[in-house]
$ cat query.txt   # compact mmCIF, C-alpha atoms
# COMPACT_ATOMS: atom_id res chain seq x y z
CA MET A 813 -82.52 53.03 183.45
CA SER A 814 -81.73 50.08 185.75
CA ASP A 815 -82.19 50.21 189.49
CA LEU A 816 -80.11 48.01 191.74
CA VAL A 817 -82.37 46.08 194.09
CA ALA A 818 -80.64 44.02 196.74
CA LYS A 819 -81.76 42.28 199.88
CA PHE A 820 -79.45 40.00 201.78
CA GLU A 821 -78.25 38.68 205.11
CA VAL A 822 -74.69 37.91 206.17
CA LYS A 823 -73.77 36.32 209.51
CA ARG A 824 -70.10 36.07 210.51
CA GLY A 825 -69.75 35.19 214.18
CA GLU A 826 -70.99 38.13 216.23
CA PHE A 827 -71.48 40.32 213.16
CA ALA A 828 -74.82 40.26 211.37
CA LEU A 829 -75.81 42.29 208.31
CA ASP A 830 -79.41 42.33 207.18
CA VAL A 831 -80.20 44.96 204.56
CA ALA A 832 -82.62 45.82 201.78
CA LEU A 833 -81.37 48.42 199.30
CA ARG A 834 -82.77 50.12 196.24
CA CYS A 835 -80.22 52.22 194.38
CA PRO A 836 -81.44 54.11 191.32
CA PRO A 837 -79.01 55.45 188.69
CA GLY A 838 -77.03 58.24 190.32
CA ILE A 839 -74.97 58.28 193.47
CA THR A 840 -76.15 56.46 196.57
CA CYS A 841 -73.95 57.15 199.59
CA VAL A 842 -73.91 54.41 202.21
CA MET A 843 -72.99 55.93 205.56
CA GLY A 844 -72.33 54.42 208.92
CA ARG A 845 -69.77 53.99 211.66
CA SER A 846 -66.81 51.63 211.31
CA GLY A 847 -68.00 48.06 211.61
CA SER A 848 -71.56 48.85 210.55
CA GLY A 849 -71.18 46.64 207.44
CA LYS A 850 -70.59 49.23 204.71
CA SER A 851 -67.68 47.46 203.02
CA THR A 852 -69.38 44.06 203.37
CA ILE A 853 -72.29 45.44 201.35
CA LEU A 854 -69.91 46.32 198.51
CA SER A 855 -68.22 42.90 198.66
CA VAL A 856 -71.57 41.14 198.43
CA LEU A 857 -72.76 43.36 195.56
CA ALA A 858 -69.49 42.67 193.70
CA GLY A 859 -69.75 38.92 194.26
CA LEU A 860 -66.57 38.80 196.34
CA ALA A 861 -68.53 37.61 199.39
CA LEU A 862 -71.50 35.28 199.42
CA PRO A 863 -74.40 36.20 201.70
CA ASP A 864 -76.21 33.49 203.64
CA ARG A 865 -79.52 34.51 202.15
CA GLY A 866 -80.82 37.03 199.66
CA SER A 867 -80.87 38.33 196.12
CA ILE A 868 -79.30 41.02 193.94
CA VAL A 869 -81.04 42.24 190.81
CA LEU A 870 -79.75 44.93 188.48
CA GLY A 871 -82.46 46.01 186.03
CA ASP A 872 -83.59 42.70 184.52
CA GLU A 873 -80.38 40.82 185.36
CA VAL A 874 -80.45 38.52 188.39
CA TRP A 875 -76.89 38.46 189.79
CA LEU A 876 -77.71 36.53 192.92
CA ASP A 877 -80.63 34.56 194.24
CA ARG A 878 -79.66 32.12 196.98
CA ALA A 879 -83.13 30.54 196.95
CA ARG A 880 -82.76 29.65 193.25
CA ALA A 881 -79.01 28.87 193.51
CA ILE A 882 -78.14 31.70 191.14
CA ASP A 883 -74.74 33.30 191.75
CA VAL A 884 -73.25 35.09 188.75
CA PRO A 885 -69.43 34.96 189.15
CA VAL A 886 -67.63 38.23 189.83
CA HIS A 887 -66.09 38.42 186.37
CA HIS A 888 -69.48 38.13 184.69
CA ARG A 889 -71.08 40.94 186.73
CA ARG A 890 -70.31 44.04 184.75
CA LEU A 891 -69.27 46.37 187.49
CA ALA A 892 -66.50 48.71 188.48
CA TYR A 893 -65.09 48.63 192.00
CA VAL A 894 -62.76 51.31 193.30
CA PHE A 895 -61.18 49.78 196.40
CA GLN A 896 -60.20 51.76 199.48
CA GLY A 897 -56.53 51.03 198.76
CA LEU A 898 -57.25 51.49 195.02
CA ALA A 899 -55.59 48.14 194.12
CA LEU A 900 -53.78 49.44 191.05
CA PHE A 901 -51.69 46.69 189.47
CA PRO A 902 -48.09 47.59 190.39
CA HIS A 903 -46.50 45.72 187.47
CA MET A 904 -48.52 47.56 184.81
CA SER A 905 -48.38 51.13 183.55
CA ALA A 906 -51.35 53.46 184.00
CA LEU A 907 -52.33 52.54 180.45
CA GLY A 908 -52.06 48.82 181.21
CA ASN A 909 -54.20 49.25 184.33
CA VAL A 910 -56.92 51.14 182.47
CA ALA A 911 -56.91 48.78 179.46
CA TYR A 912 -57.13 45.69 181.69
CA GLY A 913 -60.90 45.74 182.00
CA MET A 914 -61.70 46.55 178.36
CA ARG A 915 -63.14 43.17 177.53
CA GLU A 916 -65.40 44.33 174.78
CA THR A 917 -63.07 46.80 173.10
CA PRO A 918 -61.13 45.41 170.12
CA ARG A 919 -57.48 44.93 171.11
CA ALA A 920 -56.22 47.49 168.59
CA GLU A 921 -58.40 50.24 170.06
CA ARG A 922 -57.66 49.62 173.73
CA ALA A 923 -54.55 51.79 174.07
CA SER A 924 -56.14 54.83 172.43
CA LYS A 925 -59.34 54.43 174.45
CA ALA A 926 -57.34 54.03 177.68
CA ARG A 927 -55.32 57.12 176.82
CA ALA A 928 -58.52 59.09 176.23
CA LEU A 929 -59.90 57.98 179.61
CA LEU A 930 -56.70 59.03 181.38
CA GLU A 931 -57.01 62.42 179.64
CA ARG A 932 -60.64 62.59 180.72
CA VAL A 933 -59.70 62.28 184.41
CA GLY A 934 -56.78 64.67 184.02
CA VAL A 935 -53.77 62.33 184.16
CA GLY A 936 -52.94 61.76 180.48
CA ALA A 937 -49.26 62.41 181.19
CA LEU A 938 -49.05 59.33 183.43
CA ALA A 939 -49.86 56.84 180.66
CA THR A 940 -46.55 55.01 180.60
CA ARG A 941 -45.71 55.35 184.29
CA ARG A 942 -46.20 52.72 186.96
CA PRO A 943 -48.35 53.20 190.09
CA ARG A 944 -45.43 53.44 192.55
CA THR A 945 -44.56 56.81 190.99
CA PHE A 946 -48.08 58.28 191.39
CA SER A 947 -49.13 60.77 194.06
CA GLY A 948 -52.28 59.98 196.07
CA GLY A 949 -54.51 62.13 193.85
CA GLU A 950 -53.01 60.73 190.64
CA ALA A 951 -53.55 57.17 191.81
CA GLN A 952 -57.21 58.00 192.56
CA ARG A 953 -57.71 59.39 189.08
CA VAL A 954 -56.10 56.36 187.43
CA ALA A 955 -58.29 54.07 189.55
CA LEU A 956 -61.38 56.00 188.42
CA ALA A 957 -60.29 55.78 184.77
CA ARG A 958 -59.77 52.02 185.15
CA ALA A 959 -63.23 51.67 186.67
CA LEU A 960 -64.84 53.60 183.82
CA ALA A 961 -63.00 51.57 181.16
CA CYS A 962 -65.08 48.44 181.59
CA SER A 963 -68.35 50.27 180.75
CA PRO A 964 -69.88 49.21 184.06
CA LYS A 965 -73.55 48.73 184.79
CA LEU A 966 -72.85 49.32 188.48
CA MET A 967 -70.08 51.28 190.13
CA LEU A 968 -68.87 50.64 193.69
CA LEU A 969 -66.65 53.12 195.53
CA ASP A 970 -65.20 52.13 198.92
CA GLU A 971 -64.11 55.34 200.68
CA PRO A 972 -61.78 56.15 197.81
CA PHE A 973 -60.95 59.65 199.03
CA SER A 974 -60.29 58.88 202.70
CA ALA A 975 -56.51 59.32 202.41
CA LEU A 976 -56.61 62.65 200.55
CA ASP A 977 -56.36 66.21 201.79
CA ARG A 978 -59.37 68.51 201.58
CA GLY A 979 -58.38 70.31 198.37
CA LEU A 980 -57.77 67.12 196.40
CA ARG A 981 -60.88 65.56 197.85
CA ALA A 982 -63.03 68.43 196.60
CA GLN A 983 -61.58 68.10 193.08
CA LEU A 984 -62.18 64.36 192.99
CA VAL A 985 -65.68 64.62 194.42
CA ALA A 986 -66.52 66.97 191.56
CA LEU A 987 -64.95 64.56 189.08
CA VAL A 988 -66.91 61.57 190.45
CA LYS A 989 -70.13 63.57 190.25
CA ASP A 990 -69.48 64.37 186.58
CA LEU A 991 -68.52 60.79 185.76
CA ALA A 992 -71.60 59.38 187.51
CA ALA A 993 -73.82 61.74 185.51
CA GLU A 994 -72.19 60.56 182.26
CA LEU A 995 -72.44 56.87 183.17
CA ALA A 996 -76.09 57.03 184.25
CA VAL A 997 -75.80 53.78 186.25
CA PRO A 998 -76.22 53.17 189.98
CA VAL A 999 -73.11 54.25 191.90
CA VAL A 1000 -72.83 52.96 195.46
CA HIS A 1001 -70.39 55.10 197.40
CA VAL A 1002 -69.34 54.14 200.90
CA THR A 1003 -68.12 57.07 202.97
CA HIS A 1004 -67.62 58.35 206.49
CA SER A 1005 -67.70 61.98 205.43
CA VAL A 1006 -70.97 63.86 205.81
CA ALA A 1007 -69.58 66.72 203.71
CA GLU A 1008 -68.77 64.27 200.92
CA ALA A 1009 -72.23 62.71 201.13
CA ARG A 1010 -73.92 66.11 201.01
CA GLN A 1011 -71.90 67.10 197.93
CA LEU A 1012 -72.14 63.81 196.06
CA ALA A 1013 -75.24 61.90 196.97
CA ASP A 1014 -78.53 61.79 195.15
CA HIS A 1015 -79.64 59.32 197.78
CA VAL A 1016 -78.31 58.43 201.24
CA ILE A 1017 -78.58 55.15 203.13
CA GLN A 1018 -77.75 55.19 206.82
CA LEU A 1019 -76.44 51.99 208.33
CA ASP A 1020 -76.08 51.07 211.97
CA ALA A 1021 -74.98 47.70 213.37
CA GLY A 1022 -75.71 45.91 210.10
CA ARG A 1023 -79.16 47.37 209.51
CA VAL A 1024 -80.55 50.23 207.42
CA VAL A 1025 -81.77 52.84 209.89
CA GLY A 1026 -82.68 55.59 207.46
CA GLU A 1027 -82.67 56.62 203.83
CA GLY A 1028 -83.66 59.56 201.69
CA LYS A 1029 -82.39 62.70 200.00
CA PRO A 1030 -79.28 64.16 201.65
CA ALA A 1031 -81.14 67.39 202.45
CA ASP A 1032 -83.77 65.40 204.34
CA MET A 1033 -81.24 63.54 206.43
CA LEU A 1034 -80.94 65.95 209.34
CA ASP A 1035 -78.96 63.71 211.64
CA LEU A 1036 -76.23 62.72 209.21
CA GLU A 1037 -73.64 64.35 211.43
CA ALA A 1038 -74.49 61.87 214.14
CA LEU A 1039 -72.89 59.18 211.98
CA GLU A 1040 -69.48 60.78 211.90
CA MET B 635 -10.28 17.19 181.52
CA ASN B 636 -13.45 15.29 180.66
CA TRP B 637 -16.20 17.90 180.73
CA SER B 638 -19.03 15.60 179.74
CA PRO B 639 -20.14 14.74 183.34
CA LEU B 640 -20.51 18.45 184.01
CA PHE B 641 -22.50 19.00 180.81
CA LEU B 642 -24.68 16.02 181.67
CA SER B 643 -25.26 17.46 185.16
CA LEU B 644 -26.20 20.81 183.61
CA GLN B 645 -28.62 19.16 181.20
CA VAL B 646 -30.23 17.08 183.97
CA ALA B 647 -30.44 20.06 186.33
CA THR B 648 -31.95 22.31 183.64
CA VAL B 649 -34.65 19.81 182.66
CA ALA B 650 -35.28 18.97 186.35
CA MET B 651 -35.61 22.68 187.13
CA ILE B 652 -38.26 23.06 184.44
CA VAL B 653 -40.12 19.94 185.60
CA SER B 654 -39.96 20.94 189.27
CA LEU B 655 -40.97 24.51 188.47
CA VAL B 656 -44.09 23.40 186.60
CA VAL B 657 -45.04 20.72 189.15
CA GLY B 658 -43.96 22.86 192.12
CA THR B 659 -45.93 25.92 190.99
CA ALA B 660 -49.03 23.78 190.46
CA LEU B 661 -48.64 22.26 193.94
CA ALA B 662 -48.02 25.69 195.51
CA LEU B 663 -51.24 26.93 193.89
CA LEU B 664 -53.02 23.83 195.20
CA ILE B 665 -51.96 24.40 198.81
CA THR B 666 -52.91 28.08 198.69
CA TRP B 667 -56.36 27.15 197.39
CA LYS B 668 -58.81 27.98 200.18
CA LYS B 669 -61.12 25.04 199.49
CA LEU B 670 -58.40 22.37 199.67
CA PRO B 671 -59.38 19.66 202.19
CA LEU B 672 -56.72 18.81 204.83
CA PRO B 673 -54.24 21.46 203.65
CA ASP B 674 -51.74 20.67 206.43
CA VAL B 675 -51.64 16.98 205.44
CA VAL B 676 -51.17 17.84 201.74
CA ALA B 677 -48.39 20.32 202.61
CA ALA B 678 -46.67 17.70 204.78
CA LEU B 679 -46.87 15.10 201.99
CA ILE B 680 -45.30 17.55 199.54
CA SER B 681 -42.44 18.24 201.97
CA THR B 682 -41.79 14.55 202.70
CA PRO B 683 -38.81 14.24 200.29
CA LEU B 684 -36.98 16.78 202.47
CA VAL B 685 -37.02 14.52 205.53
CA LEU B 686 -36.63 11.05 204.02
CA PRO B 687 -33.18 9.58 203.41
CA PRO B 688 -32.30 9.58 199.68
CA THR B 689 -31.99 5.80 199.79
CA VAL B 690 -35.60 5.48 200.94
CA LEU B 691 -36.78 7.80 198.18
CA GLY B 692 -34.59 5.95 195.69
CA TYR B 693 -36.14 2.68 196.82
CA TYR B 694 -39.64 4.08 196.26
CA LEU B 695 -38.69 5.36 192.81
CA LEU B 696 -37.16 1.99 191.88
CA THR B 697 -40.32 0.27 193.05
CA ILE B 698 -42.66 2.68 191.25
CA LEU B 699 -40.70 3.17 188.02
CA GLY B 700 -38.70 -0.07 187.71
CA PRO B 701 -39.11 -2.32 184.64
CA ASN B 702 -41.40 -4.70 186.55
CA SER B 703 -43.66 -1.98 187.97
CA ALA B 704 -46.98 -1.04 186.40
CA VAL B 705 -45.58 2.36 185.40
CA GLY B 706 -42.39 0.82 183.99
CA ARG B 707 -44.33 -1.79 182.00
CA ALA B 708 -46.78 0.81 180.67
CA PHE B 709 -43.88 3.05 179.65
CA HIS B 710 -42.13 0.14 177.92
CA TRP B 711 -45.33 -0.77 176.10
CA LEU B 712 -45.79 2.83 174.91
CA THR B 713 -42.22 3.70 173.97
CA GLY B 714 -40.26 0.45 173.84
CA GLY B 715 -37.80 1.89 176.38
CA ASP B 716 -37.23 2.00 180.13
CA ILE B 717 -37.26 4.82 182.67
CA ILE B 718 -34.76 3.54 185.20
CA PHE B 719 -31.03 4.03 184.43
CA THR B 720 -31.68 6.58 181.70
CA PHE B 721 -31.50 10.37 181.39
CA LYS B 722 -35.19 10.46 182.33
CA ALA B 723 -34.44 8.70 185.60
CA ALA B 724 -31.71 11.22 186.41
CA VAL B 725 -34.21 14.04 185.79
CA ILE B 726 -36.86 12.35 187.95
CA ALA B 727 -34.35 11.74 190.76
CA ALA B 728 -33.22 15.36 190.70
CA SER B 729 -36.80 16.70 190.44
CA VAL B 730 -38.12 14.75 193.43
CA GLY B 731 -35.65 16.50 195.71
CA SER B 732 -36.21 19.90 194.09
CA ILE B 733 -40.00 20.02 194.08
CA PRO B 734 -40.52 20.66 197.84
CA LEU B 735 -38.02 23.54 197.72
CA VAL B 736 -39.74 25.02 194.67
CA VAL B 737 -43.16 24.69 196.33
CA GLY B 738 -41.89 26.51 199.44
CA ALA B 739 -40.38 29.42 197.49
CA VAL B 740 -43.34 29.79 195.10
CA LYS B 741 -45.78 29.68 198.03
CA ILE B 742 -43.93 32.59 199.68
CA GLY B 743 -44.28 34.47 196.37
CA LEU B 744 -47.99 33.66 196.10
CA ASP B 745 -48.67 34.64 199.73
CA ALA B 746 -47.10 38.03 199.02
CA VAL B 747 -49.67 38.83 196.31
CA GLU B 748 -52.21 41.23 197.79
CA PRO B 749 -55.70 39.67 197.77
CA THR B 750 -57.27 43.01 196.77
CA LEU B 751 -55.27 42.98 193.51
CA VAL B 752 -56.76 39.59 192.67
CA ALA B 753 -60.23 40.84 193.68
CA ALA B 754 -59.74 43.98 191.56
CA ALA B 755 -58.81 41.90 188.51
CA ARG B 756 -61.90 39.74 188.99
CA THR B 757 -64.16 42.78 189.25
CA LEU B 758 -62.62 44.03 185.99
CA GLY B 759 -63.97 40.93 184.26
CA ALA B 760 -60.91 38.68 184.30
CA SER B 761 -61.60 34.94 184.38
CA PRO B 762 -59.74 32.90 187.04
CA ALA B 763 -57.24 31.73 184.37
CA ARG B 764 -56.58 35.30 183.24
CA VAL B 765 -56.16 36.48 186.84
CA LEU B 766 -53.61 33.71 187.35
CA ALA B 767 -51.69 34.51 184.17
CA THR B 768 -51.73 38.31 184.39
CA ILE B 769 -51.81 39.12 188.11
CA THR B 770 -51.00 36.23 190.45
CA LEU B 771 -48.04 34.62 188.67
CA PRO B 772 -46.34 37.86 187.52
CA LEU B 773 -46.60 39.33 191.03
CA ALA B 774 -45.33 36.07 192.53
CA GLY B 775 -42.40 36.35 190.06
CA PRO B 776 -39.63 36.84 192.64
CA GLY B 777 -40.80 33.71 194.51
CA ILE B 778 -40.98 31.73 191.28
CA VAL B 779 -37.47 32.80 190.25
CA ALA B 780 -36.19 31.97 193.75
CA GLY B 781 -37.91 28.57 193.39
CA ALA B 782 -36.25 27.97 190.03
CA MET B 783 -32.89 28.91 191.50
CA LEU B 784 -33.28 26.60 194.50
CA GLY B 785 -34.65 23.83 192.31
CA PHE B 786 -31.73 24.08 189.91
CA ALA B 787 -29.18 24.18 192.72
CA ARG B 788 -30.73 21.17 194.43
CA ALA B 789 -30.94 19.24 191.14
CA LEU B 790 -27.31 19.99 190.33
CA GLY B 791 -26.25 18.67 193.72
CA ASP B 792 -28.39 15.55 193.84
CA TYR B 793 -26.47 12.42 194.60
CA GLY B 794 -28.42 9.81 196.58
CA MET B 795 -31.45 9.23 194.41
CA THR B 796 -29.48 9.71 191.20
CA GLN B 797 -27.04 7.05 192.38
CA MET B 798 -29.86 4.60 193.02
CA ILE B 799 -31.97 5.00 189.89
CA ALA B 800 -29.74 6.61 187.28
CA SER B 801 -26.21 5.47 187.92
CA SER B 802 -24.35 2.90 185.86
CA ARG B 803 -23.00 1.45 189.09
CA PHE B 804 -26.43 0.21 190.06
CA ASP B 805 -27.40 -0.63 186.51
CA GLY B 806 -28.41 -4.25 186.80
CA LEU B 807 -28.84 -4.38 183.07
CA GLY B 808 -25.16 -3.66 182.58
CA ILE B 809 -25.74 -0.79 180.18
CA HIS B 810 -22.77 1.54 180.32
CA GLN B 811 -23.72 5.15 180.45
CA GLU B 812 -22.20 8.45 181.35
CA SER B 813 -22.60 9.71 184.89
CA PRO B 814 -23.46 13.21 186.03
CA ALA B 815 -20.78 15.13 187.94
CA SER B 816 -21.93 14.13 191.44
CA ILE B 817 -21.49 10.44 190.64
CA PHE B 818 -18.45 10.92 188.42
CA VAL B 819 -16.56 12.37 191.40
CA ILE B 820 -17.10 9.33 193.60
CA ASP B 821 -16.45 6.92 190.72
CA GLU B 822 -13.12 8.63 190.07
CA LEU B 823 -12.21 8.53 193.77
CA VAL B 824 -13.03 4.84 193.98
CA ALA B 825 -10.86 4.29 190.90
CA LEU B 826 -8.04 6.23 192.68
CA ARG B 827 -8.06 9.02 190.06
CA GLU B 828 -7.99 11.78 192.65
CA GLU B 829 -6.91 14.60 190.33
CA SER B 830 -9.82 13.96 188.00
CA ALA B 831 -12.21 13.89 190.99
CA ARG B 832 -10.77 17.14 192.34
CA ASN B 833 -11.03 18.94 188.99
CA MET B 834 -14.65 17.92 188.61
CA ALA B 835 -15.42 18.95 192.20
CA ILE B 836 -13.90 22.39 191.63
CA ALA B 837 -15.61 22.85 188.26
CA THR B 838 -18.98 21.91 189.77
CA THR B 839 -18.47 24.31 192.68
CA VAL B 840 -17.51 27.21 190.39
CA LEU B 841 -20.47 26.53 188.12
CA GLY B 842 -22.86 26.36 191.09
CA VAL B 843 -21.59 29.61 192.62
CA VAL B 844 -21.70 31.49 189.29
CA LEU B 845 -25.26 30.34 188.61
CA LEU B 846 -26.40 31.29 192.12
CA VAL B 847 -24.89 34.78 191.79
CA LEU B 848 -26.65 35.27 188.44
CA ALA B 849 -29.95 34.02 189.86
CA ASN B 850 -29.62 36.29 192.91
CA ARG B 851 -29.09 39.31 190.67
CA LEU B 852 -32.12 38.36 188.58
CA THR B 853 -34.24 38.01 191.73
CA ARG B 854 -33.15 41.44 192.97
CA ARG B 855 -34.02 43.01 189.63
CA LEU B 856 -37.48 41.45 189.76
CA HIS B 857 -38.00 42.72 193.31
CA ARG B 858 -37.34 46.25 192.13
CA VAL B 859 -40.15 46.14 189.53
$ encode --input "query.txt" --output "structure tokens"
Amino acid sequence: MSDLVAKFEVKRGEFALDVALRCPPGITCVMGRSGSGKSTILSVLAGLALPDRGSIVLGDEVWLDRARAIDVPVHHRRLAYVFQGLALFPHMSALGNVAYGMRETPRAERASKARALLERVGVGALATRRPRTFSGGEAQRVALARALACSPKLMLLDEPFSALDRGLRAQLVALVKDLAAELAVPVVHVTHSVAEARQLADHVIQLDAGRVVGEGKPADMLDLEALE
Amino acid sequence: MNWSPLFLSLQVATVAMIVSLVVGTALALLITWKKLPLPDVVAALISTPLVLPPTVLGYYLLTILGPNSAVGRAFHWLTGGDIIFTFKAAVIAASVGSIPLVVGAVKIGLDAVEPTLVAAARTLGASPARVLATITLPLAGPGIVAGAMLGFARALGDYGMTQMIASSRFDGLGIHQESPASIFVIDELVALREESARNMAIATTVLGVVLLVLANRLTRRLHRV
């Protein structure tokens, strides 16, 4: 089991982020108000943004160490990132989207594996359809299937359920919880929703103005509501 | 009617479109690259052919590609032939005018590609080359097709530079060669063969309009994807 251990600083004009995180396998919810640096944390972990200082280590793999000039490029960090807007490729079918990240699967097996993943998240019927025809909930499920397809060592979720109604959200929260248990890797989930954090999280990190102001089990975090 | 000038124009415009599409797409990618130093200066240099008179551009091309230039001598040494006053020169003349238009259209296409789609592809393990081939260029498709269309139209209509570096009239070596339609028309007028000039003018116009309509329909279809 590989923990994610990250410590980094980012300065962009007035905004400063200075955090130290330890995320064990399971779901870590990062909570905080808008502008507290939640999404920046995900960008840095993914390698899409470079911090001014710091390091990121996943198990025994060093992904980033500014002091030693180590910066593993995004496409060599084996991770899955579900973006807030989902970022499904509009010119590919659901199958094409899911198969896109299957680097290590032999070409001949990709379609059947992608189909199985779509079935797993409950949208097998969408296989040949393109994203513009999906409902919000369907798009979320395809995005989750695509994230799972690359056999990630780290999964990053950026408020993926923020645009959904309560019923759909509850279904997808349950699905993410099941998938995270199957994957057994660290899952970093950024959210505004206290209810979502209470349902999903094994571990909660509270962020305020670019700094970690609290962490622990969700049940121990009495003042989570204050973050909403 | 002698159709060969029109066929020659089509051949030149087709090859020039391919050349300007390849060069123009590469230049559009270059100017959208975030680490490019002095991007405004590079963009201005690429657009220069749009503001210079064709005679000035033709003069530069003669100077750079002529038989006494370093490029011309190197080409002669390698192939035994010349660049100026050949089919190649006609293609180069047409491409120089087309490239800035292609760059502009392709850049609009590239700017329309959502950065999160590129980021998503990278997080899914795609190398920069794979992201380019599977995400950026396909999604910039309408801009690339529009660039090809503009490039072809501009190449088909080129006159000034073609006259200076690819026309038999300016061929100091005295080699007779066929002219593309744009030059054929003026040659026929000068020779007082007005009917021939008119027929070629009408044929070129019809061809241009038909091709533009086809290209517009293709672009619309791509936009719907």
$ interface_residues --input "query.txt" --of "chain A" --to "chain B" --cutoff "12 Å" --atoms "all atoms listed in the file" --output "NGL selection string"
:A and (854-861 or 884-905 or 908-916 or 941-945 or 955 or 958-968)
$ residues_around --input "query.txt" --residues "B:Leu784" --least-positions-apart "6" --cutoff "9 Å" --atoms "only C-alpha atoms" --output "ChimeraX atom specification"
/B:651,732,735-736,739,846
$ closest_residue --input "query.txt" --among "A:Ala1013, A:Leu1019, A:Val1024, A:Leu956" --to "A:Ala832" --atoms "all atoms listed in the file"
A:Val1024
$ closest_residue --input "query.txt" --among "A:Asp990, A:Asp877, A:Pro1030, A:Glu921" --to "A:Val1006" --atoms "all atoms listed in the file"
A:Pro1030
